[in-house]
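**Q** Structure supplied as query_3.json; contents: JSON, N, CA and C atoms and all ligand atoms.
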[["chain", "number", "residue", "atom", "x", "y", "z"],
["V", 12, "MET", "N", 2.29, -22.66, 19.25],
["V", 12, "MET", "CA", 3.46, -22.86, 20.11],
["V", 12, "MET", "C", 4.38, -23.91, 19.50],
["V", 13, "ILE", "N", 5.68, -23.68, 19.65],
["V", 13, "ILE", "CA", 6.63, -24.68, 19.24],
["V", 13, "ILE", "C", 6.53, -25.85, 20.21],
["V", 14, "SER", "N", 6.42, -27.04, 19.66],
["V", 14, "SER", "CA", 6.13, -28.18, 20.52],
["V", 14, "SER", "C", 7.34, -28.55, 21.37],
["V", 15, "ASP", "N", 7.08, -29.27, 22.45],
["V", 15, "ASP", "CA", 8.13, -29.68, 23.36],
["V", 15, "ASP", "C", 9.05, -30.73, 22.75],
["V", 16, "ARG", "N", 8.62, -31.33, 21.62],
["V", 16, "ARG", "CA", 9.44, -32.39, 21.03],
["V", 16, "ARG", "C", 10.70, -31.83, 20.38],
["V", 17, "ILE", "N", 10.75, -30.50, 20.13],
["V", 17, "ILE", "CA", 11.91, -29.90, 19.49],
["V", 17, "ILE", "C", 12.90, -29.42, 20.54],
["V", 18, "ASN", "N", 14.14, -29.91, 20.44],
["V", 18, "ASN", "CA", 15.18, -29.44, 21.35],
["V", 18, "ASN", "C", 16.51, -29.46, 20.60],
["V", 19, "GLU", "N", 17.61, -29.23, 21.32],
["V", 19, "GLU", "CA", 18.92, -29.12, 20.69],
["V", 19, "GLU", "C", 19.36, -30.43, 20.02],
["V", 20, "GLN", "N", 18.78, -31.55, 20.45],
["V", 20, "GLN", "CA", 19.18, -32.84, 19.88],
["V", 20, "GLN", "C", 18.31, -33.23, 18.67],
["V", 21, "SER", "N", 17.31, -32.41, 18.36],
["V", 21, "SER", "CA", 16.38, -32.77, 17.29],
["V", 21, "SER", "C", 17.08, -32.80, 15.94],
["V", 22, "SER", "N", 16.66, -33.73, 15.12],
["V", 22, "SER", "CA", 17.14, -33.82, 13.75],
["V", 22, "SER", "C", 16.40, -32.80, 12.89],
["V", 23, "TRP", "N", 17.03, -32.41, 11.79],
["V", 23, "TRP", "CA", 16.35, -31.50, 10.87],
["V", 23, "TRP", "C", 15.07, -32.13, 10.33],
["V", 24, "ARG", "N", 14.98, -33.46, 10.36],
["V", 24, "ARG", "CA", 13.78, -34.13, 9.85],
["V", 24, "ARG", "C", 12.56, -33.87, 10.74],
["V", 25, "ASP", "N", 12.82, -33.48, 11.99],
["V", 25, "ASP", "CA", 11.72, -33.24, 12.93],
["V", 25, "ASP", "C", 11.16, -31.83, 12.82],
["V", 26, "LEU", "N", 11.89, -30.94, 12.13],
["V", 26, "LEU", "CA", 11.48, -29.54, 12.08],
["V", 26, "LEU", "C", 10.36, -29.31, 11.07],
["V", 27, "THR", "N", 9.67, -28.19, 11.24],
["V", 27, "THR", "CA", 8.63, -27.80, 10.29],
["V", 27, "THR", "C", 9.24, -27.61, 8.92],
["V", 28, "GLU", "N", 8.61, -28.17, 7.91],
["V", 28, "GLU", "CA", 9.10, -28.05, 6.55],
["V", 28, "GLU", "C", 8.79, -26.67, 6.00],
["V", 29, "GLY", "N", 9.67, -26.18, 5.14],
["V", 29, "GLY", "CA", 9.43, -24.91, 4.47],
["V", 29, "GLY", "C", 9.23, -25.12, 2.99],
["V", 30, "ASN", "N", 8.88, -24.04, 2.30],
["V", 30, "ASN", "CA", 8.72, -24.06, 0.84],
["V", 30, "ASN", "C", 7.65, -25.02, 0.35],
["V", 31, "LYS", "N", 6.69, -25.32, 1.18],
["V", 31, "LYS", "CA", 5.57, -26.14, 0.72],
["V", 31, "LYS", "C", 4.28, -25.37, 0.99],
["V", 32, "ILE", "N", 3.53, -25.11, -0.06],
["V", 32, "ILE", "CA", 2.30, -24.33, 0.07],
["V", 32, "ILE", "C", 1.14, -25.19, -0.38],
["V", 33, "TYR", "N", 0.25, -25.48, 0.54],
["V", 33, "TYR", "CA", -0.87, -26.37, 0.23],
["V", 33, "TYR", "C", -2.15, -25.60, -0.07],
["V", 34, "GLU", "N", -2.26, -24.40, 0.49],
["V", 34, "GLU", "CA", -3.42, -23.55, 0.26],
["V", 34, "GLU", "C", -3.04, -22.13, 0.66],
["V", 35, "PRO", "N", -3.85, -21.12, 0.28],
["V", 35, "PRO", "CA", -3.49, -19.74, 0.59],
["V", 35, "PRO", "C", -3.47, -19.46, 2.10],
["V", 36, "ALA", "N", -2.63, -18.48, 2.46],
["V", 36, "ALA", "CA", -2.60, -17.94, 3.83],
["V", 36, "ALA", "C", -2.26, -19.00, 4.89],
["V", 37, "THR", "N", -1.37, -19.89, 4.57],
["V", 37, "THR", "CA", -1.02, -20.93, 5.54],
["V", 37, "THR", "C", 0.34, -20.68, 6.20],
["V", 38, "SER", "N", 1.02, -19.60, 5.80],
["V", 38, "SER", "CA", 2.38, -19.42, 6.30],
["V", 38, "SER", "C", 2.42, -19.30, 7.82],
["V", 39, "VAL", "N", 1.35, -18.77, 8.40],
["V", 39, "VAL", "CA", 1.35, -18.61, 9.85],
["V", 39, "VAL", "C", 1.37, -19.97, 10.56],
["V", 40, "GLN", "N", 0.96, -21.02, 9.85],
["V", 40, "GLN", "CA", 0.94, -22.36, 10.45],
["V", 40, "GLN", "C", 2.32, -23.01, 10.50],
["V", 41, "PHE", "N", 3.28, -22.41, 9.78],
["V", 41, "PHE", "CA", 4.63, -22.98, 9.77],
["V", 41, "PHE", "C", 5.44, -22.35, 10.89],
["V", 42, "ASN", "N", 5.71, -23.11, 11.91],
["V", 42, "ASN", "CA", 6.45, -22.58, 13.06],
["V", 42, "ASN", "C", 7.94, -22.54, 12.74],
["V", 43, "THR", "N", 8.31, -21.55, 11.94],
["V", 43, "THR", "CA", 9.69, -21.46, 11.50],
["V", 43, "THR", "C", 10.63, -21.08, 12.64],
["V", 44, "GLY", "N", 10.08, -20.71, 13.79],
["V", 44, "GLY", "CA", 10.92, -20.47, 14.96],
["V", 44, "GLY", "C", 11.71, -21.70, 15.36],
["V", 45, "GLU", "N", 11.26, -22.86, 14.92],
["V", 45, "GLU", "CA", 11.99, -24.10, 15.23],
["V", 45, "GLU", "C", 13.37, -24.11, 14.59],
["V", 46, "TRP", "N", 13.57, -23.29, 13.57],
["V", 46, "TRP", "CA", 14.86, -23.29, 12.87],
["V", 46, "TRP", "C", 15.90, -22.47, 13.64],
["V", 47, "ARG", "N", 15.46, -21.75, 14.65],
["V", 47, "ARG", "CA", 16.30, -20.76, 15.31],
["V", 47, "ARG", "C", 17.43, -21.42, 16.13],
["V", 48, "THR", "N", 18.63, -20.82, 16.05],
["V", 48, "THR", "CA", 19.72, -21.25, 16.92],
["V", 48, "THR", "C", 20.04, -20.18, 17.95],
["V", 49, "GLN", "N", 19.59, -18.94, 17.70],
["V", 49, "GLN", "CA", 19.74, -17.87, 18.67],
["V", 49, "GLN", "C", 18.38, -17.21, 18.86],
["V", 50, "ALA", "N", 18.16, -16.65, 20.03],
["V", 50, "ALA", "CA", 16.87, -16.01, 20.31],
["V", 50, "ALA", "C", 17.10, -14.59, 20.84],
["V", 51, "PRO", "N", 16.24, -13.65, 20.44],
["V", 51, "PRO", "CA", 16.35, -12.31, 20.98],
["V", 51, "PRO", "C", 15.83, -12.26, 22.41],
["V", 52, "VAL", "N", 16.57, -11.59, 23.26],
["V", 52, "VAL", "CA", 16.15, -11.40, 24.65],
["V", 52, "VAL", "C", 15.98, -9.90, 24.86],
["V", 53, "HIS", "N", 14.77, -9.53, 25.24],
["V", 53, "HIS", "CA", 14.42, -8.11, 25.34],
["V", 53, "HIS", "C", 14.61, -7.62, 26.77],
["V", 54, "ASP", "N", 15.31, -6.49, 26.91],
["V", 54, "ASP", "CA", 15.50, -5.87, 28.22],
["V", 54, "ASP", "C", 14.56, -4.67, 28.31],
["V", 55, "GLU", "N", 13.43, -4.86, 28.97],
["V", 55, "GLU", "CA", 12.42, -3.80, 29.04],
["V", 55, "GLU", "C", 12.93, -2.54, 29.74],
["V", 56, "ALA", "N", 13.88, -2.70, 30.64],
["V", 56, "ALA", "CA", 14.40, -1.54, 31.36],
["V", 56, "ALA", "C", 15.17, -0.61, 30.42],
["V", 57, "LYS", "N", 15.79, -1.19, 29.39],
["V", 57, "LYS", "CA", 16.56, -0.38, 28.45],
["V", 57, "LYS", "C", 15.71, 0.13, 27.29],
["V", 58, "CYS", "N", 14.60, -0.54, 27.03],
["V", 58, "CYS", "CA", 13.78, -0.22, 25.85],
["V", 58, "CYS", "C", 13.13, 1.16, 25.99],
["V", 59, "LYS", "N", 13.29, 1.98, 24.96],
["V", 59, "LYS", "CA", 12.69, 3.34, 24.94],
["V", 59, "LYS", "C", 11.43, 3.37, 24.07],
["V", 60, "GLN", "N", 10.99, 2.20, 23.59],
["V", 60, "GLN", "CA", 9.79, 2.09, 22.76],
["V", 60, "GLN", "C", 9.87, 3.00, 21.53],
["V", 61, "CYS", "N", 11.02, 2.98, 20.90],
["V", 61, "CYS", "CA", 11.20, 3.77, 19.67],
["V", 61, "CYS", "C", 10.62, 3.04, 18.47],
["V", 62, "TYR", "N", 10.46, 1.72, 18.59],
["V", 62, "TYR", "CA", 9.86, 0.85, 17.56],
["V", 62, "TYR", "C", 10.69, 0.73, 16.29],
["V", 63, "LEU", "N", 11.96, 1.05, 16.34],
["V", 63, "LEU", "CA", 12.81, 0.84, 15.17],
["V", 63, "LEU", "C", 12.94, -0.65, 14.84],
["V", 64, "CYS", "N", 12.81, -1.49, 15.86],
["V", 64, "CYS", "CA", 12.97, -2.92, 15.63],
["V", 64, "CYS", "C", 11.77, -3.54, 14.93],
["V", 65, "VAL", "N", 10.61, -2.92, 15.05],
["V", 65, "VAL", "CA", 9.37, -3.54, 14.55],
["V", 65, "VAL", "C", 9.39, -3.73, 13.02],
["V", 66, "PRO", "N", 9.66, -2.68, 12.24],
["V", 66, "PRO", "CA", 9.57, -2.87, 10.78],
["V", 66, "PRO", "C", 10.74, -3.63, 10.16],
["V", 67, "VAL", "N", 11.84, -3.79, 10.88],
["V", 67, "VAL", "CA", 13.00, -4.43, 10.25],
["V", 67, "VAL", "C", 12.96, -5.95, 10.35],
["V", 68, "CYS", "N", 12.10, -6.48, 11.19],
["V", 68, "CYS", "CA", 12.06, -7.95, 11.34],
["V", 68, "CYS", "C", 11.54, -8.58, 10.05],
["V", 69, "PRO", "N", 12.36, -9.41, 9.42],
["V", 69, "PRO", "CA", 11.93, -10.01, 8.15],
["V", 69, "PRO", "C", 10.82, -11.03, 8.30],
["V", 70, "ASP", "N", 10.55, -11.45, 9.52],
["V", 70, "ASP", "CA", 9.50, -12.44, 9.76],
["V", 70, "ASP", "C", 8.26, -11.84, 10.40],
["V", 71, "LEU", "N", 8.21, -10.52, 10.46],
["V", 71, "LEU", "CA", 7.07, -9.83, 11.09],
["V", 71, "LEU", "C", 6.81, -10.39, 12.49],
["V", 72, "SER", "N", 7.88, -10.66, 13.20],
["V", 72, "SER", "CA", 7.75, -11.31, 14.50],
["V", 72, "SER", "C", 7.82, -10.35, 15.67],
["V", 73, "ILE", "N", 7.85, -9.05, 15.38],
["V", 73, "ILE", "CA", 7.83, -8.07, 16.47],
["V", 73, "ILE", "C", 6.62, -7.16, 16.23],
["V", 74, "SER", "N", 5.80, -7.03, 17.25],
["V", 74, "SER", "CA", 4.62, -6.17, 17.15],
["V", 74, "SER", "C", 4.53, -5.32, 18.41],
["V", 75, "VAL", "N", 3.63, -4.34, 18.36],
["V", 75, "VAL", "CA", 3.40, -3.49, 19.52],
["V", 75, "VAL", "C", 2.16, -4.01, 20.24],
["V", 76, "GLY", "N", 2.33, -4.39, 21.47],
["V", 76, "GLY", "CA", 1.24, -4.99, 22.23],
["V", 76, "GLY", "C", 0.62, -4.04, 23.23],
["V", 77, "ASP", "N", 0.03, -4.60, 24.25],
["V", 77, "ASP", "CA", -0.60, -3.79, 25.30],
["V", 77, "ASP", "C", 0.44, -2.88, 25.96],
["V", 78, "ASN", "N", 0.01, -1.75, 26.42],
["V", 78, "ASN", "CA", 0.88, -0.79, 27.10],
["V", 78, "ASN", "C", 2.01, -0.31, 26.20],
["V", 79, "ASP", "N", 1.80, -0.43, 24.88],
["V", 79, "ASP", "CA", 2.79, 0.04, 23.89],
["V", 79, "ASP", "C", 4.12, -0.69, 23.98],
["V", 80, "LYS", "N", 4.14, -1.86, 24.62],
["V", 80, "LYS", "CA", 5.38, -2.64, 24.71],
["V", 80, "LYS", "C", 5.51, -3.55, 23.51],
["V", 81, "ILE", "N", 6.75, -3.80, 23.10],
["V", 81, "ILE", "CA", 6.94, -4.69, 21.96],
["V", 81, "ILE", "C", 6.78, -6.14, 22.41],
["V", 82, "VAL", "N", 6.28, -6.94, 21.48],
["V", 82, "VAL", "CA", 6.00, -8.35, 21.75],
["V", 82, "VAL", "C", 6.67, -9.18, 20.66],
["V", 83, "PHE", "N", 7.36, -10.23, 21.04],
["V", 83, "PHE", "CA", 8.02, -11.12, 20.09],
["V", 83, "PHE", "C", 7.15, -12.35, 19.83],
["V", 84, "ASP", "N", 7.01, -12.69, 18.58],
["V", 84, "ASP", "CA", 6.33, -13.92, 18.19],
["V", 84, "ASP", "C", 7.40, -14.99, 18.01],
["V", 85, "MET", "N", 7.64, -15.75, 19.06],
["V", 85, "MET", "CA", 8.75, -16.71, 19.02],
["V", 85, "MET", "C", 8.41, -17.96, 18.22],
["V", 86, "ASP", "N", 7.17, -18.12, 17.81],
["V", 86, "ASP", "CA", 6.82, -19.23, 16.93],
["V", 86, "ASP", "C", 7.36, -19.00, 15.52],
["V", 87, "HIS", "N", 7.63, -17.72, 15.19],
["V", 87, "HIS", "CA", 8.05, -17.42, 13.82],
["V", 87, "HIS", "C", 9.38, -16.67, 13.74],
["V", 88, "CYS", "N", 9.89, -16.16, 14.84],
["V", 88, "CYS", "CA", 11.22, -15.53, 14.85],
["V", 88, "CYS", "C", 12.27, -16.57, 14.50],
["V", 89, "LYS", "N", 13.11, -16.26, 13.48],
["V", 89, "LYS", "CA", 14.14, -17.22, 13.08],
["V", 89, "LYS", "C", 15.50, -16.89, 13.71],
["V", 90, "GLY", "N", 15.55, -15.88, 14.55],
["V", 90, "GLY", "CA", 16.79, -15.60, 15.26],
["V", 90, "GLY", "C", 17.86, -14.96, 14.40],
["V", 91, "CYS", "N", 17.46, -14.15, 13.45],
["V", 91, "CYS", "CA", 18.45, -13.54, 12.53],
["V", 91, "CYS", "C", 19.30, -12.48, 13.22],
["V", 92, "GLY", "N", 18.77, -11.86, 14.27],
["V", 92, "GLY", "CA", 19.55, -10.87, 15.01],
["V", 92, "GLY", "C", 19.46, -9.45, 14.47],
["V", 93, "ILE", "N", 18.68, -9.21, 13.43],
["V", 93, "ILE", "CA", 18.58, -7.86, 12.86],
["V", 93, "ILE", "C", 18.02, -6.89, 13.90],
["V", 94, "CYS", "N", 17.02, -7.32, 14.64],
["V", 94, "CYS", "CA", 16.44, -6.43, 15.66],
["V", 94, "CYS", "C", 17.48, -6.00, 16.68],
["V", 95, "SER", "N", 18.34, -6.91, 17.04],
["V", 95, "SER", "CA", 19.39, -6.61, 18.01],
["V", 95, "SER", "C", 20.37, -5.59, 17.43],
["V", 96, "LYS", "N", 20.66, -5.72, 16.14],
["V", 96, "LYS", "CA", 21.61, -4.80, 15.49],
["V", 96, "LYS", "C", 21.05, -3.39, 15.38],
["V", 97, "VAL", "N", 19.75, -3.26, 15.11],
["V", 97, "VAL", "CA", 19.20, -1.92, 14.87],
["V", 97, "VAL", "C", 18.82, -1.19, 16.16],
["V", 98, "CYS", "N", 18.66, -1.90, 17.24],
["V", 98, "CYS", "CA", 18.23, -1.24, 18.47],
["V", 98, "CYS", "C", 19.30, -0.25, 18.94],
["V", 99, "PRO", "N", 18.98, 1.03, 18.99],
["V", 99, "PRO", "CA", 19.99, 2.02, 19.38],
["V", 99, "PRO", "C", 20.24, 2.07, 20.88],
["V", 100, "PHE", "N", 19.45, 1.33, 21.64],
["V", 100, "PHE", "CA", 19.57, 1.39, 23.10],
["V", 100, "PHE", "C", 20.04, 0.07, 23.71],
["V", 101, "ASP", "N", 20.52, -0.83, 22.86],
["V", 101, "ASP", "CA", 21.06, -2.10, 23.34],
["V", 101, "ASP", "C", 20.05, -2.86, 24.19],
["V", 102, "ALA", "N", 18.78, -2.77, 23.79],
["V", 102, "ALA", "CA", 17.72, -3.39, 24.57],
["V", 102, "ALA", "C", 17.38, -4.80, 24.10],
["V", 103, "ILE", "N", 18.03, -5.26, 23.03],
["V", 103, "ILE", "CA", 17.81, -6.64, 22.57],
["V", 103, "ILE", "C", 19.17, -7.30, 22.41],
["V", 104, "ARG", "N", 19.36, -8.41, 23.08],
["V", 104, "ARG", "CA", 20.61, -9.18, 22.89],
["V", 104, "ARG", "C", 20.23, -10.57, 22.40],
["V", 105, "MET", "N", 21.13, -11.16, 21.67],
["V", 105, "MET", "CA", 20.89, -12.51, 21.14],
["V", 105, "MET", "C", 21.55, -13.53, 22.06],
["V", 106, "GLU", "N", 20.80, -14.59, 22.34],
["V", 106, "GLU", "CA", 21.34, -15.69, 23.17],
["V", 106, "GLU", "C", 21.17, -17.01, 22.44],
["V", 107, "GLU", "N", 22.10, -17.92, 22.67],
["V", 107, "GLU", "CA", 22.03, -19.26, 22.07],
["V", 107, "GLU", "C", 20.74, -19.95, 22.49],
["V", 201, "LIG", "S1", 14.56, -0.76, 18.86],
["V", 201, "LIG", "FE1", 15.19, -1.16, 20.98],
["V", 201, "LIG", "S2", 14.48, 0.61, 22.17],
["V", 201, "LIG", "FE2", 13.40, 0.62, 20.20],
["V", 201, "LIG", "S3", 11.45, -0.50, 20.61],
["V", 201, "LIG", "FE3", 12.92, -1.97, 19.81],
["V", 201, "LIG", "S4", 13.87, -2.86, 21.67],
["V", 201, "LIG", "FE4", 12.87, -0.97, 22.29],
["V", 202, "LIG", "S1", 15.86, -12.11, 15.62],
["V", 202, "LIG", "FE1", 15.26, -11.63, 13.49],
["V", 202, "LIG", "S2", 13.40, -12.82, 13.17],
["V", 202, "LIG", "FE2", 13.70, -12.73, 15.38],
["V", 202, "LIG", "S3", 12.53, -10.97, 16.09],
["V", 202, "LIG", "FE3", 14.63, -10.25, 15.69],
["V", 202, "LIG", "S4", 14.59, -9.50, 13.57],
["V", 202, "LIG", "FE4", 12.76, -10.79, 13.85]]
Hey, can you dump this file as structure tokens for me?

**A**
Amino acid sequence: MISDRINEQSSWRDLTEGNKIYEPATSVQFNTGEWRTQAPVHDEAKCKQCYLCVPVCPDLSISVGDNDKIVFDMDHCKGCGICSKVCPFDAIRMEE
């Protein structure tokens, strides 16, 4: 989980560092979601579960969960907005 210490007033010095690899398979420990300025908001009523958004996420932050619903990993979503662009049903909008 992204810690409560990170908010809009946080300095870049408080964020998780990138480009540092101390041992294999540690990328999941870097909560790059802290870098995000916009977040995807999913409208389940509009979602047709076509899963076009799943493979396009560059951070592998969208998966298919229980009941075949998509799940966002907000610890690692960087808020790029690609999922929102590809959704043909306008079921993902980006918010500040
Ligand atoms: S692309 Fe849109 S409609 Fe398709 S699964 Fe993703 S959110 Fe749902
Ligand atoms: S905003 Fe970008 S990083 Fe976040 S879930 Fe969508 S595609 Fe992935």

**Q** For atom FE2 of ligand LIG 202 (chain V) and atom CA of Ala50 of chain V, determine how far apart the two atoms are, in Å to one decimal place.

**A**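 Separating atom FE2 of ligand LIG 202 (chain V) from atom CA of Ala50 of chain V is a distance of 6.7 Å.
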
**Q** Please tabulate, as JSON lines, the residues of chain V that come within 6 Å of ligand LIG 201 (chain V), each with its closest pair of atoms and the distance in Å to one decimal, counting all atoms listed in the file and ordering rows by chain, then residue number upward.

**A**
{"residue": "V:Lys57", "atom": "C", "partner": "V:LIG201", "partner_atom": "S2", "distance": 5.3}
{"residue": "V:Cys58", "atom": "CA", "partner": "V:LIG201", "partner_atom": "FE4", "distance": 3.8}
{"residue": "V:Lys59", "atom": "N", "partner": "V:LIG201", "partner_atom": "S2", "distance": 3.3}
{"residue": "V:Gln60", "atom": "CA", "partner": "V:LIG201", "partner_atom": "S3", "distance": 3.8}
{"residue": "V:Cys61", "atom": "N", "partner": "V:LIG201", "partner_atom": "FE2", "distance": 3.4}
{"residue": "V:Tyr62", "atom": "N", "partner": "V:LIG201", "partner_atom": "S3", "distance": 3.2}
{"residue": "V:Leu63", "atom": "N", "partner": "V:LIG201", "partner_atom": "S1", "distance": 4.0}
{"residue": "V:Cys64", "atom": "N", "partner": "V:LIG201", "partner_atom": "S1", "distance": 3.5}
{"residue": "V:Val65", "atom": "N", "partner": "V:LIG201", "partner_atom": "FE3", "distance": 5.4}
{"residue": "V:Val97", "atom": "C", "partner": "V:LIG201", "partner_atom": "S1", "distance": 5.1}
{"residue": "V:Cys98", "atom": "CA", "partner": "V:LIG201", "partner_atom": "S1", "distance": 3.7}
{"residue": "V:Pro99", "atom": "N", "partner": "V:LIG201", "partner_atom": "S1", "distance": 4.8}
{"residue": "V:Phe100", "atom": "N", "partner": "V:LIG201", "partner_atom": "FE1", "distance": 5.0}
{"residue": "V:Asp101", "atom": "N", "partner": "V:LIG201", "partner_atom": "FE1", "distance": 5.7}
{"residue": "V:Ala102", "atom": "C", "partner": "V:LIG201", "partner_atom": "S4", "distance": 4.7}
{"residue": "V:Ile103", "atom": "N", "partner": "V:LIG201", "partner_atom": "S4", "distance": 5.0}

**Q** Could you give me the centre and size, in Å to one decimal, of an axis-aligned box around all listed atoms of ligand LIG 202 (chain V) with 8 Å added on every side, as AutoDock Vina command-line options?

**A**
--center_x 14.2 --center_y -11.2 --center_z 14.6 --size_x 19.3 --size_y 19.3 --size_z 18.9

**Q** Ranking V:Glu107, V:Glu28, V:Asp77, V:Asp70 by minimum distance to ligand LIG 202 (chain V) and counting all atoms listed in the file, which one comes first?

**A**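 Using all atoms listed in the file, the shortest distance to ligand LIG 202 (chain V) belongs to V:Asp70.
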
**Q** Using only C-alpha atoms and all ligand atoms, find each residue with an atom at most 6 Å away from ligand LIG 202 (chain V) and format the answer as a PyMOL selection string.

**A** chain V and resi 51+68-70+72-73+88-94

**Q** By how many Å are atom CA of Phe83 of chain V and atom C of Thr27 of chain V apart?

**A**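 Interatomic distance, atom CA of Phe83 of chain V to atom C of Thr27 of chain V: 20.0 Å.
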
**Q** Using all atoms listed in the file, which protein or nucleic acid residues come within 8 Å of Asp25 of chain V? Drop anything in the same chain fewer than 4 positions from it, and give the result as a PyMOL selection string.

**A** chain V and resi 16-17+21

**Q** Would you please extract all alpha helix (DSSP H) residues from chain V, as assigned by DSSP on the backbone, and give them as a list in words?

**A** Cys64, Val65, Pro66, Val67, Ile93, Cys94, Ser95, Lys96 and Val97 of chain V

**Q** To one decimal in Å, tell me the separation between atom CA of Ile81 of chain V and atom CA of Ser38 of chain V.

**A**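 Between atom CA of Ile81 of chain V and atom CA of Ser38 of chain V the gap works out to 22.0 Å.
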
**Q** Counting only C-alpha atoms, which residue out of V:His87, V:Lys80, V:Asn18, V:Ser95 sits closest to Glu55 of chain V?

**A**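 Of all the options, V:Lys80 lies closest to Glu55 of chain V.
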
**Q** If you run DSSP on the backbone here, which positions in chain V get strand (DSSP E)? Please write them as a PyMOL selection string.

**A** chain V and resi 50-53+73-75+81-83+103-106

**Q** Could I get segment 41-97 of chain V from the block written out with C-alpha atoms, as a PDB file, in the first residue's frame?

**A**
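Final file, part_19.pdb:
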ATOM      1  CA  PHE V  41       8.747  -0.147  -5.648  1.00  0.00           C
ATOM      2  CA  ASN V  42       5.420   1.597  -5.189  1.00  0.00           C
ATOM      3  CA  THR V  43       5.669   3.620  -8.355  1.00  0.00           C
ATOM      4  CA  GLY V  44       2.015   4.574  -7.943  1.00  0.00           C
ATOM      5  CA  GLU V  45       3.360   7.348  -5.736  1.00  0.00           C
ATOM      6  CA  TRP V  46       4.503   9.123  -8.901  1.00  0.00           C
ATOM      7  CA  ARG V  47       0.948   9.367 -10.193  1.00  0.00           C
ATOM      8  CA  THR V  48      -0.775  12.721 -10.724  1.00  0.00           C
ATOM      9  CA  GLN V  49      -3.919  11.238 -12.264  1.00  0.00           C
ATOM     10  CA  ALA V  50      -5.740   8.038 -11.375  1.00  0.00           C
ATOM     11  CA  PRO V  51      -8.019   5.797 -13.423  1.00  0.00           C
ATOM     12  CA  VAL V  52     -11.584   5.598 -12.148  1.00  0.00           C
ATOM     13  CA  HIS V  53     -13.472   2.542 -13.304  1.00  0.00           C
ATOM     14  CA  ASP V  54     -17.215   2.664 -13.998  1.00  0.00           C
ATOM     15  CA  GLU V  55     -18.404  -0.914 -13.554  1.00  0.00           C
ATOM     16  CA  ALA V  56     -21.823  -0.088 -14.980  1.00  0.00           C
ATOM     17  CA  LYS V  57     -20.246   0.825 -18.325  1.00  0.00           C
ATOM     18  CA  CYS V  58     -17.627  -1.941 -18.372  1.00  0.00           C
ATOM     19  CA  LYS V  59     -18.379  -4.767 -20.833  1.00  0.00           C
ATOM     20  CA  GLN V  60     -15.415  -6.874 -19.609  1.00  0.00           C
ATOM     21  CA  CYS V  61     -13.820  -6.886 -23.039  1.00  0.00           C
ATOM     22  CA  TYR V  62     -10.365  -6.794 -21.352  1.00  0.00           C
ATOM     23  CA  LEU V  63      -8.806  -4.551 -23.983  1.00  0.00           C
ATOM     24  CA  CYS V  64      -7.407  -2.457 -21.147  1.00  0.00           C
ATOM     25  CA  VAL V  65      -5.571  -5.356 -19.481  1.00  0.00           C
ATOM     26  CA  PRO V  66      -2.694  -5.961 -21.935  1.00  0.00           C
ATOM     27  CA  VAL V  67      -2.062  -2.298 -22.768  1.00  0.00           C
ATOM     28  CA  CYS V  68      -1.137  -1.205 -19.246  1.00  0.00           C
ATOM     29  CA  PRO V  69       2.629  -0.644 -19.303  1.00  0.00           C
ATOM     30  CA  ASP V  70       2.830  -1.303 -15.578  1.00  0.00           C
ATOM     31  CA  LEU V  71       0.832  -4.549 -15.582  1.00  0.00           C
ATOM     32  CA  SER V  72      -1.490  -2.815 -13.154  1.00  0.00           C
ATOM     33  CA  ILE V  73      -4.768  -4.159 -14.529  1.00  0.00           C
ATOM     34  CA  SER V  74      -5.732  -7.779 -13.976  1.00  0.00           C
ATOM     35  CA  VAL V  75      -8.855  -9.904 -14.104  1.00  0.00           C
ATOM     36  CA  GLY V  76     -10.094 -10.674 -10.618  1.00  0.00           C
ATOM     37  CA  ASP V  77     -13.008 -12.489  -9.044  1.00  0.00           C
ATOM     38  CA  ASN V  78     -16.252 -12.532 -11.013  1.00  0.00           C
ATOM     39  CA  ASP V  79     -14.217 -11.695 -14.142  1.00  0.00           C
ATOM     40  CA  LYS V  80     -14.062  -8.031 -13.086  1.00  0.00           C
ATOM     41  CA  ILE V  81     -10.972  -5.982 -13.760  1.00  0.00           C
ATOM     42  CA  VAL V  82      -8.854  -4.961 -10.795  1.00  0.00           C
ATOM     43  CA  PHE V  83      -6.430  -2.028 -10.636  1.00  0.00           C
ATOM     44  CA  ASP V  84      -3.159  -2.281  -8.752  1.00  0.00           C
ATOM     45  CA  MET V  85      -2.933   1.292  -7.533  1.00  0.00           C
ATOM     46  CA  ASP V  86       0.414   0.671  -5.831  1.00  0.00           C
ATOM     47  CA  HIS V  87       1.991   0.445  -9.279  1.00  0.00           C
ATOM     48  CA  CYS V  88      -0.338   2.320 -11.670  1.00  0.00           C
ATOM     49  CA  LYS V  89       1.507   5.467 -12.776  1.00  0.00           C
ATOM     50  CA  GLY V  90      -1.593   7.163 -14.147  1.00  0.00           C
ATOM     51  CA  CYS V  91      -0.527   7.231 -17.792  1.00  0.00           C
ATOM     52  CA  GLY V  92      -4.131   7.103 -19.006  1.00  0.00           C
ATOM     53  CA  ILE V  93      -3.582   4.510 -21.746  1.00  0.00           C
ATOM     54  CA  CYS V  94      -6.318   2.278 -20.325  1.00  0.00           C
ATOM     55  CA  SER V  95      -8.742   5.168 -20.468  1.00  0.00           C
ATOM     56  CA  LYS V  96      -7.828   5.859 -24.106  1.00  0.00           C
ATOM     57  CA  VAL V  97      -8.287   2.276 -25.298  1.00  0.00           C
TER      58      VAL V  97
END
